[in-house]
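First the structure, in the form of structure tokens, and then the observations on it.
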Amino acid sequence: MKKHLTNPIFEIISQVAGEMQVQAFVIGGFVRDLLLNRDNKQDIDIVVLGSGIDFAHQVAAKLNEDTPVKFFKNFGTAMLNFHGWKIEFVGARKESYRRNSRKPIVEDGTNEDDQNRRDFTINAMAINLTRENYGQLVDPFNGISDLKEKIIRTPLDPDITFSDDPLRMMRAIRFATQLCFTIEPSCFEAITRNCERISIVSMERVSDELNQIIQAGVPSAGFRLLDETGLLKIIFPEFCELKGSEIIDGKGHKDNFHHTLAVLDNVAEVSNDLWLRWAAILHDIAKPVTKKFVQGTGWTFHAHEFKGAKMVPNIFRQLKLPLNEKMHYVEKLVLLHLRPIVLAEDVVTDSAVRRLLFEAGEDIDDLMLLCNADITSKNPNKVRRYLANFNIVRQKLREIEEKDQLRNWQPPVTGEVIMKTFGIPPSKSVGIIKDAITEAILEGEIANNFDEAYQLMLRLGEKLGLDKKNS
Ligand code: ATP
Ligand code: MG
């Protein structure tokens, strides 16, 4: 393994290990990714048979730079940055668990104890950095064979492993999804048996893993595993509600669970943006609650986009996702997700396009990506028709955009101008006038400039019985 340890930090760690007369190993994700030839997130975990904090200080002293060491005494871990790499040091430890917490009781241990406490065989491999055995792979659970066969397996009894720290169930699915590995059957069954235990883990940690699943190459694979193991129903029940298709009078509707996952994968092919992926996940979330069978028409999901947008904040709150502009972005895309398609089905008028551009603002490109991804029909004629019309919408968007520049647009007459002109305080009338001007411009009734907007404002003021002040 020696030739793989190209980062000069390993040489330094090796020297320090010699001087301090302790053993040191690089372990976990870095070793796994090295053997997989996979880009690592640039974090390196070092285990020493001694104090991780003292060791980190010695390493820092050797790096002739001003390297600050952050340490967490309670956890016995220390961290430093080295040319963009995050290096973490910890003393080898032995862990034991209590039933009601995923926080273990920790004591000093051997390297073997430390490898036993790891989540998966592929994450338990270590490379010795001590001079005499430099570069030697320590692989007690044959992780290398699991890497070759693409298998996620726990080092010890999976029931105990998952029950001790239920977050590992999410991690198993996360690694399976990121690496395109299979979860070994007894391990999979143990997750199914222990899925209820996920409730002792904080939602922040669960969502952190869920977001990593969503950011994988083919995120649907992770959702299917979450579903099959029973975890999805516990952490994100609304998503499970999308499952299945009902048939009345011989008419069925599409299974929105599979449809949503297809849309998610489609989006994942064209964008890495986590929040656009969330918009895909949630775009039809209100279909189950808005579903109706109407005689003569068939299945309807009336206003599911409005209802869906309304559901977003609660889902974000429950999953402890950020309640900030990212959430508003997702709400907006869910709300607007049908608009480009509706446009494409109809005669594409300038005013309809202008309106869409105004409402979507700078998120118009993402909305178009989502909408394109939403076309999953199995009927090739339908798909061809949609795509053709969709291209017309795209073309029109470009034209109108060049002409009117409606992205981040504000109406040319502001509230301040309205208040000043008529000498009125902030009030309902100001809103009415402003909205009417916006409408008129979007409808193409007046041009998008100050003069025409100002004239319209005067006319509207008169109608509302307002007097123009002479200032
Ligand atoms: P990534 O590339 O996502 O960082 P990683 O394997 O490095 O993957 P980390 O969360 O950084 O994952 O954890 C580093 C190592 O610590 C893991 O490889 C594993 O050996 C161990 N580990 C992390 N979390 C757990 C856990 N919940 N239970 C047991 N071992 C864990
Ligand atoms: Mg890591």
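To be explicit about the labels: the chains of the structure tokens are called A, B, and onward in the order shown, and within each one the residues are counted from 1, while ligands get numbers from 1 in the order they are shown.
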
Nearby residues, ligand 2, 9 Å, only C-alpha atoms and all ligand atoms, as a PyMOL selection string: chain A and resi 28-30+40-45

Those in segment 27-133 of chain A with alpha helix (DSSP H) from DSSP, as a list in words: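 For segment 27-133 of chain A, the alpha helix (DSSP H) set is Gly29, Phe30, Val31, Arg32, Asp33, Leu34, Leu35, Leu36, Gly52, Ile53, Asp54, Phe55, Ala56, His57, Gln58, Val59, Ala60, Ala61, Lys62, Asn111, Glu112, Asp113, Asp114, Gln115 and Asn116 of chain A.
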
Write out the residues from the selection above, keeping C-alpha atoms, as a PDB file, in the first residue's frame.
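File again-v6.pdb, as written:
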```
ATOM      1  CA  GLY A  29     -13.306   6.202   4.547  1.00  0.00           C
ATOM      2  CA  PHE A  30      -9.896   7.299   3.306  1.00  0.00           C
ATOM      3  CA  VAL A  31      -8.620   3.716   3.045  1.00  0.00           C
ATOM      4  CA  ARG A  32     -11.854   2.534   1.435  1.00  0.00           C
ATOM      5  CA  ASP A  33     -11.791   5.283  -1.187  1.00  0.00           C
ATOM      6  CA  LEU A  34      -8.092   4.729  -1.843  1.00  0.00           C
ATOM      7  CA  LEU A  35      -8.722   1.060  -2.595  1.00  0.00           C
ATOM      8  CA  LEU A  36     -11.722   1.955  -4.725  1.00  0.00           C
ATOM      9  CA  GLY A  52      -5.061  11.480  19.826  1.00  0.00           C
ATOM     10  CA  ILE A  53      -4.813  15.034  21.174  1.00  0.00           C
ATOM     11  CA  ASP A  54      -1.146  14.833  22.209  1.00  0.00           C
ATOM     12  CA  PHE A  55      -0.347  13.190  18.905  1.00  0.00           C
ATOM     13  CA  ALA A  56      -2.084  15.928  16.895  1.00  0.00           C
ATOM     14  CA  HIS A  57      -0.103  18.613  18.747  1.00  0.00           C
ATOM     15  CA  GLN A  58       3.155  16.862  17.874  1.00  0.00           C
ATOM     16  CA  VAL A  59       2.134  16.635  14.219  1.00  0.00           C
ATOM     17  CA  ALA A  60       1.194  20.325  14.202  1.00  0.00           C
ATOM     18  CA  ALA A  61       4.554  21.237  15.704  1.00  0.00           C
ATOM     19  CA  LYS A  62       6.300  19.404  12.865  1.00  0.00           C
ATOM     20  CA  ASN A 111      -6.493  -1.311  17.409  1.00  0.00           C
ATOM     21  CA  GLU A 112      -8.622  -4.432  17.247  1.00  0.00           C
ATOM     22  CA  ASP A 113     -11.233  -2.910  19.604  1.00  0.00           C
ATOM     23  CA  ASP A 114     -11.223   0.147  17.424  1.00  0.00           C
ATOM     24  CA  GLN A 115     -11.835  -1.827  14.270  1.00  0.00           C
ATOM     25  CA  ASN A 116     -14.623  -3.772  15.973  1.00  0.00           C
TER      26      ASN A 116
END
```

With the cut-off set at 6 Å and counting only C-alpha atoms and all ligand atoms, tabulate each residue of chain A with an atom at most that distance from an atom of ligand 1, showing the nearest atom pair and its distance in Å to one decimal, ordered by chain and increasing number, as a tab-separated table.
```
residue	atom	partner	partner_atom_place_in_ligand_line	distance
A:Gly28	CA	ligand 1	18 (O)	3.4
A:Gly29	CA	ligand 1	7 (O)	3.3
A:Lys41	CA	ligand 1	2 (O)	5.7
A:Arg117	CA	ligand 1	29 (C)	5.7
A:Arg118	CA	ligand 1	30 (N)	3.6
A:Asp119	CA	ligand 1	29 (C)	3.7
A:Asn123	CA	ligand 1	18 (O)	4.1
A:Ala124	CA	ligand 1	20 (O)	5.0
A:Leu167	CA	ligand 1	27 (N)	5.8
A:Arg168	CA	ligand 1	27 (N)	5.1
```

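Nearest-residue note for Asp374 of chain A: choosing from A:Val417, A:Val263, A:Val348, A:Val393, the minimum distance belongs to A:Val263, counting only C-alpha atoms.
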
Near-Val334 of chain A list (9 Å; only C-alpha atoms; drop same-chain fewer than 2 positions) as a list in words: Ala279, Ala280, Leu282, His283, Asp284, Ile285, Glu305, Phe306, Gly308, Ala309, Val312, Tyr329, Val330, Glu331, Lys332, Leu336, His337, Leu338 and Leu367 of chain A

Now that the selection is made, can you save its residues with C-alpha atoms as an mmCIF file, in the first residue's frame?
```cif
data_model
loop_
_atom_site.group_PDB
_atom_site.id
_atom_site.type_symbol
_atom_site.label_atom_id
_atom_site.label_comp_id
_atom_site.auth_asym_id
_atom_site.auth_seq_id
_atom_site.Cartn_x
_atom_site.Cartn_y
_atom_site.Cartn_z
ATOM 1 C CA ALA A 279 -38.222 19.833 -5.483
ATOM 2 C CA ALA A 280 -38.395 16.661 -7.598
ATOM 3 C CA LEU A 282 -41.866 16.852 -3.361
ATOM 4 C CA HIS A 283 -43.417 17.947 -6.647
ATOM 5 C CA ASP A 284 -46.350 15.513 -6.425
ATOM 6 C CA ILE A 285 -46.383 15.102 -2.645
ATOM 7 C CA GLU A 305 -49.375 21.879 -6.774
ATOM 8 C CA PHE A 306 -50.863 24.460 -4.372
ATOM 9 C CA GLY A 308 -48.036 20.467 -2.209
ATOM 10 C CA ALA A 309 -46.298 23.830 -1.881
ATOM 11 C CA VAL A 312 -43.296 21.839 2.109
ATOM 12 C CA TYR A 329 -37.127 27.780 -3.537
ATOM 13 C CA VAL A 330 -38.550 24.257 -3.167
ATOM 14 C CA GLU A 331 -42.012 25.653 -2.361
ATOM 15 C CA LYS A 332 -41.869 27.805 -5.470
ATOM 16 C CA LEU A 336 -45.064 26.142 -10.454
ATOM 17 C CA HIS A 337 -44.157 22.642 -11.622
ATOM 18 C CA LEU A 338 -47.191 22.256 -13.881
ATOM 19 C CA LEU A 367 -38.201 24.953 -13.219
#
```

DSSP strand (DSSP E or B) residues within segment 89-223 of chain A, listed as a ChimeraX atom specification: /A:89-91,93-96,105-108,126-128,137-138,151-152,182-183

Would you save the residues of that selection, restricted to all heavy atoms, as a compact mmCIF listing (two decimals), in the first residue's frame?
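Saved file again-v2.txt follows:
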```txt
# COMPACT_ATOMS: atom_id res chain seq x y z
N PHE A 89 -7.58 13.07 14.49
CA PHE A 89 -6.81 12.12 15.30
C PHE A 89 -7.66 11.64 16.46
O PHE A 89 -8.32 12.44 17.11
CB PHE A 89 -5.56 12.81 15.86
CG PHE A 89 -4.61 13.29 14.79
CD1 PHE A 89 -4.79 14.54 14.20
CD2 PHE A 89 -3.54 12.51 14.39
CE1 PHE A 89 -3.93 14.99 13.21
CE2 PHE A 89 -2.67 12.96 13.40
CZ PHE A 89 -2.86 14.21 12.81
N VAL A 90 -7.61 10.36 16.70
CA VAL A 90 -8.36 9.83 17.85
C VAL A 90 -7.59 8.65 18.43
O VAL A 90 -6.92 7.92 17.71
CB VAL A 90 -9.81 9.45 17.43
CG1 VAL A 90 -9.81 8.41 16.33
CG2 VAL A 90 -10.63 8.99 18.62
N GLY A 91 -7.66 8.51 19.76
CA GLY A 91 -7.04 7.36 20.40
C GLY A 91 -7.90 6.13 20.14
O GLY A 91 -9.12 6.24 20.06
N ARG A 93 -10.18 3.12 20.61
CA ARG A 93 -11.15 3.01 21.70
C ARG A 93 -12.04 1.78 21.59
O ARG A 93 -12.19 1.18 20.53
CB ARG A 93 -12.01 4.26 21.74
CG ARG A 93 -12.57 4.59 20.37
CD ARG A 93 -13.72 5.52 20.46
NE ARG A 93 -13.32 6.91 20.59
CZ ARG A 93 -14.18 7.92 20.39
NH1 ARG A 93 -15.42 7.67 20.05
NH2 ARG A 93 -13.78 9.16 20.53
N LYS A 94 -12.60 1.50 22.72
CA LYS A 94 -13.55 0.39 22.82
C LYS A 94 -14.87 1.04 23.21
O LYS A 94 -14.90 1.95 24.04
CB LYS A 94 -13.06 -0.52 23.94
CG LYS A 94 -13.73 -1.84 24.01
CD LYS A 94 -13.09 -2.66 25.12
CE LYS A 94 -14.01 -3.85 25.33
NZ LYS A 94 -13.37 -4.97 25.89
N GLU A 95 -15.94 0.58 22.60
CA GLU A 95 -17.22 1.22 22.88
C GLU A 95 -18.23 0.21 23.38
O GLU A 95 -18.25 -0.94 22.93
CB GLU A 95 -17.78 1.87 21.60
CG GLU A 95 -16.95 3.03 21.13
CD GLU A 95 -17.51 3.72 19.89
OE1 GLU A 95 -18.34 3.12 19.18
OE2 GLU A 95 -17.10 4.87 19.65
N SER A 96 -19.07 0.63 24.33
CA SER A 96 -20.22 -0.21 24.68
C SER A 96 -21.44 0.69 24.77
O SER A 96 -21.34 1.87 25.10
CB SER A 96 -19.97 -0.95 25.98
OG SER A 96 -19.42 -0.09 26.94
N ILE A 105 -20.53 4.28 25.78
CA ILE A 105 -19.57 4.47 26.86
C ILE A 105 -18.22 4.12 26.23
O ILE A 105 -18.07 3.06 25.61
CB ILE A 105 -19.87 3.53 28.04
CG1 ILE A 105 -21.28 3.83 28.58
CG2 ILE A 105 -18.82 3.65 29.12
CD1 ILE A 105 -21.85 2.73 29.43
N VAL A 106 -17.26 5.00 26.38
CA VAL A 106 -16.00 4.84 25.65
C VAL A 106 -14.86 4.58 26.62
O VAL A 106 -14.76 5.20 27.67
CB VAL A 106 -15.70 6.14 24.87
CG1 VAL A 106 -14.34 6.07 24.20
CG2 VAL A 106 -16.78 6.39 23.83
N GLU A 107 -14.00 3.62 26.27
CA GLU A 107 -12.76 3.46 27.05
C GLU A 107 -11.60 3.21 26.09
O GLU A 107 -11.82 2.88 24.92
CB GLU A 107 -12.90 2.33 28.07
CG GLU A 107 -13.36 1.03 27.46
CD GLU A 107 -13.78 0.00 28.51
OE1 GLU A 107 -13.01 -0.23 29.45
OE2 GLU A 107 -14.87 -0.58 28.35
N ASP A 108 -10.37 3.40 26.59
CA ASP A 108 -9.21 3.16 25.72
C ASP A 108 -9.22 1.72 25.26
O ASP A 108 -9.64 0.83 25.99
CB ASP A 108 -7.91 3.43 26.49
CG ASP A 108 -7.75 4.92 26.74
OD1 ASP A 108 -8.47 5.70 26.07
OD2 ASP A 108 -6.93 5.29 27.59
N ALA A 126 -7.59 -0.57 7.94
CA ALA A 126 -6.61 0.43 8.38
C ALA A 126 -5.28 0.18 7.68
O ALA A 126 -4.99 -0.95 7.26
CB ALA A 126 -6.42 0.33 9.90
N ILE A 127 -4.51 1.23 7.52
CA ILE A 127 -3.15 1.06 6.99
C ILE A 127 -2.18 1.54 8.06
O ILE A 127 -2.33 2.65 8.59
CB ILE A 127 -2.93 1.87 5.69
CG1 ILE A 127 -3.92 1.41 4.60
CG2 ILE A 127 -1.49 1.71 5.20
CD1 ILE A 127 -3.87 2.27 3.34
N ASN A 128 -1.25 0.69 8.38
CA ASN A 128 -0.28 1.01 9.44
C ASN A 128 0.67 2.12 8.98
O ASN A 128 1.16 2.10 7.86
CB ASN A 128 0.51 -0.27 9.77
CG ASN A 128 1.09 -0.21 11.16
OD1 ASN A 128 1.47 0.87 11.63
ND2 ASN A 128 1.17 -1.35 11.81
N LEU A 137 -1.57 -3.20 5.23
CA LEU A 137 -3.03 -3.15 5.39
C LEU A 137 -3.47 -4.05 6.54
O LEU A 137 -3.06 -5.20 6.61
CB LEU A 137 -3.70 -3.60 4.09
CG LEU A 137 -5.23 -3.54 4.07
CD1 LEU A 137 -5.73 -2.11 4.02
CD2 LEU A 137 -5.78 -4.33 2.87
N VAL A 138 -4.27 -3.52 7.44
CA VAL A 138 -4.81 -4.32 8.55
C VAL A 138 -6.31 -4.46 8.28
O VAL A 138 -7.07 -3.51 8.42
CB VAL A 138 -4.58 -3.63 9.91
CG1 VAL A 138 -4.96 -4.58 11.05
CG2 VAL A 138 -3.13 -3.16 10.04
N ILE A 151 -20.10 -5.33 -1.51
CA ILE A 151 -21.04 -5.74 -0.46
C ILE A 151 -20.89 -4.87 0.78
O ILE A 151 -19.78 -4.58 1.23
CB ILE A 151 -20.80 -7.22 -0.08
CG1 ILE A 151 -21.31 -8.11 -1.22
CG2 ILE A 151 -21.49 -7.59 1.23
CD1 ILE A 151 -20.99 -9.56 -1.03
N ILE A 152 -22.03 -4.44 1.32
CA ILE A 152 -22.05 -3.73 2.60
C ILE A 152 -22.38 -4.77 3.67
O ILE A 152 -23.43 -5.43 3.61
CB ILE A 152 -23.17 -2.65 2.63
CG1 ILE A 152 -23.05 -1.67 1.46
CG2 ILE A 152 -23.21 -1.92 3.97
CD1 ILE A 152 -21.94 -0.68 1.55
N THR A 182 -24.36 -3.71 -2.80
CA THR A 182 -25.54 -4.43 -2.30
C THR A 182 -25.39 -4.62 -0.79
O THR A 182 -24.28 -4.92 -0.32
CB THR A 182 -25.61 -5.83 -2.95
OG1 THR A 182 -25.41 -5.66 -4.35
CG2 THR A 182 -26.93 -6.49 -2.68
N ILE A 183 -26.47 -4.48 -0.08
CA ILE A 183 -26.42 -4.76 1.35
C ILE A 183 -26.58 -6.26 1.54
O ILE A 183 -27.55 -6.86 1.04
CB ILE A 183 -27.52 -3.99 2.11
CG1 ILE A 183 -27.33 -2.48 1.90
CG2 ILE A 183 -27.51 -4.35 3.58
CD1 ILE A 183 -28.43 -1.62 2.49
```

One-decimal distance in Å that lies between atom CA of Ala447 of chain A and atom CA of Lys463 of chain A: 20.9 Å

Surrounding residues of Asn470 of chain A excluding itself and chain neighbours under 2 positions, 10 Å, only C-alpha atoms, as a list in words: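 Final neighbour list, sorted by chain and number: Lys420, Thr421, Phe422, Gly423, Asp467 and Lys468 of chain A.
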
Who sits within 8 Å of Trp409 of chain A, only C-alpha atoms, same chain under 4 positions skipped, as a list in words: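 Contacts, with the query itself left out: Phe358, Gly361 and Gln405 of chain A.
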
Straight-line distance linking atom CA of Glu443 of chain A with atom CA of Ser351 of chain A, stated in Å to one decimal: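 If I compute the distance from atom CA of Glu443 of chain A to atom CA of Ser351 of chain A, I get 4.9 Å.
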
Pick from A:Phe10, A:Gln295, A:Asp350, A:Val270, whichever lies nearest to Gln395 of chain A using only C-alpha atoms: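 Smallest separation from Gln395 of chain A among the options: A:Asp350.
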
Residue nearest Thr376 of chain A - candidates A:Asp139, A:Glu189, A:Asp227, A:Asp255, atoms counted: only C-alpha atoms: A:Asp255

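Put simply, atom CA of Leu333 of chain A is 11.6 Å away from atom CA of Leu356 of chain A.
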
Residue neighbourhood Ala344 of chain A, 12 Å, only C-alpha atoms, exclusion window fewer than 4 positions, as a ChimeraX atom specification: /A:338-340,348-349,352-353,368,371-372,383-397

Quick one: write out the picked residues with C-alpha atoms as a PDB file, in the first residue's frame?
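Output saved as again01.pdb:
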```pdb
ATOM      1  CA  LEU A 338     -47.191  22.256 -13.881  1.00  0.00           C
ATOM      2  CA  ARG A 339     -47.032  25.653 -15.496  1.00  0.00           C
ATOM      3  CA  PRO A 340     -44.584  25.041 -18.347  1.00  0.00           C
ATOM      4  CA  VAL A 348     -48.207  29.601 -26.265  1.00  0.00           C
ATOM      5  CA  THR A 349     -49.078  33.279 -25.873  1.00  0.00           C
ATOM      6  CA  ALA A 352     -48.600  33.527 -20.505  1.00  0.00           C
ATOM      7  CA  VAL A 353     -44.865  33.197 -21.008  1.00  0.00           C
ATOM      8  CA  MET A 368     -37.731  23.963 -16.852  1.00  0.00           C
ATOM      9  CA  CYS A 371     -40.649  20.059 -15.776  1.00  0.00           C
ATOM     10  CA  ASN A 372     -38.673  18.242 -18.436  1.00  0.00           C
ATOM     11  CA  VAL A 383     -43.788  12.141 -24.927  1.00  0.00           C
ATOM     12  CA  ARG A 384     -42.923  13.303 -28.441  1.00  0.00           C
ATOM     13  CA  ARG A 385     -45.800  15.777 -28.463  1.00  0.00           C
ATOM     14  CA  TYR A 386     -44.859  17.131 -25.042  1.00  0.00           C
ATOM     15  CA  LEU A 387     -41.215  17.521 -25.901  1.00  0.00           C
ATOM     16  CA  ALA A 388     -42.000  19.306 -29.177  1.00  0.00           C
ATOM     17  CA  ASN A 389     -44.340  21.798 -27.475  1.00  0.00           C
ATOM     18  CA  PHE A 390     -41.937  22.142 -24.643  1.00  0.00           C
ATOM     19  CA  ASN A 391     -39.277  23.291 -27.062  1.00  0.00           C
ATOM     20  CA  ILE A 392     -41.647  25.965 -28.325  1.00  0.00           C
ATOM     21  CA  VAL A 393     -42.087  27.152 -24.731  1.00  0.00           C
ATOM     22  CA  ARG A 394     -38.322  27.245 -24.331  1.00  0.00           C
ATOM     23  CA  GLN A 395     -37.884  29.227 -27.505  1.00  0.00           C
ATOM     24  CA  LYS A 396     -40.601  31.688 -26.488  1.00  0.00           C
ATOM     25  CA  LEU A 397     -39.052  32.063 -23.054  1.00  0.00           C
TER      26      LEU A 397
END
```

Residue among A:Arg38, A:Arg131, A:Lys251, A:Lys307 lying closest to Gln15 of chain A, counting only C-alpha atoms: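 Answer, going by the shortest atom-to-atom distance: A:Arg131.
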
From A:Ser101, A:Thr154, A:Asn74, A:Gln136, residue lying nearest His4 of chain A [only C-alpha atoms]: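 So, comparing all the options, the nearest one is A:Gln136.
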
Top pick for closest residue to Lys292 of chain A, considering A:His304, A:Lys310, A:Lys428, A:Arg407 and counting only C-alpha atoms: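 So, comparing all the options, the nearest one is A:His304.
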
Contacts of Leu5 of chain A at 10 Å (only C-alpha atoms; same-chain gap of 2+ positions) as a list in words: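 Here the qualifying residues turn out to be Met1, Lys2, Lys3, Asn7, Pro8, Ile9, Phe10, Glu11, Val26, Val31, Leu34, Ile127, Leu129, Tyr134 and Gly135 of chain A.
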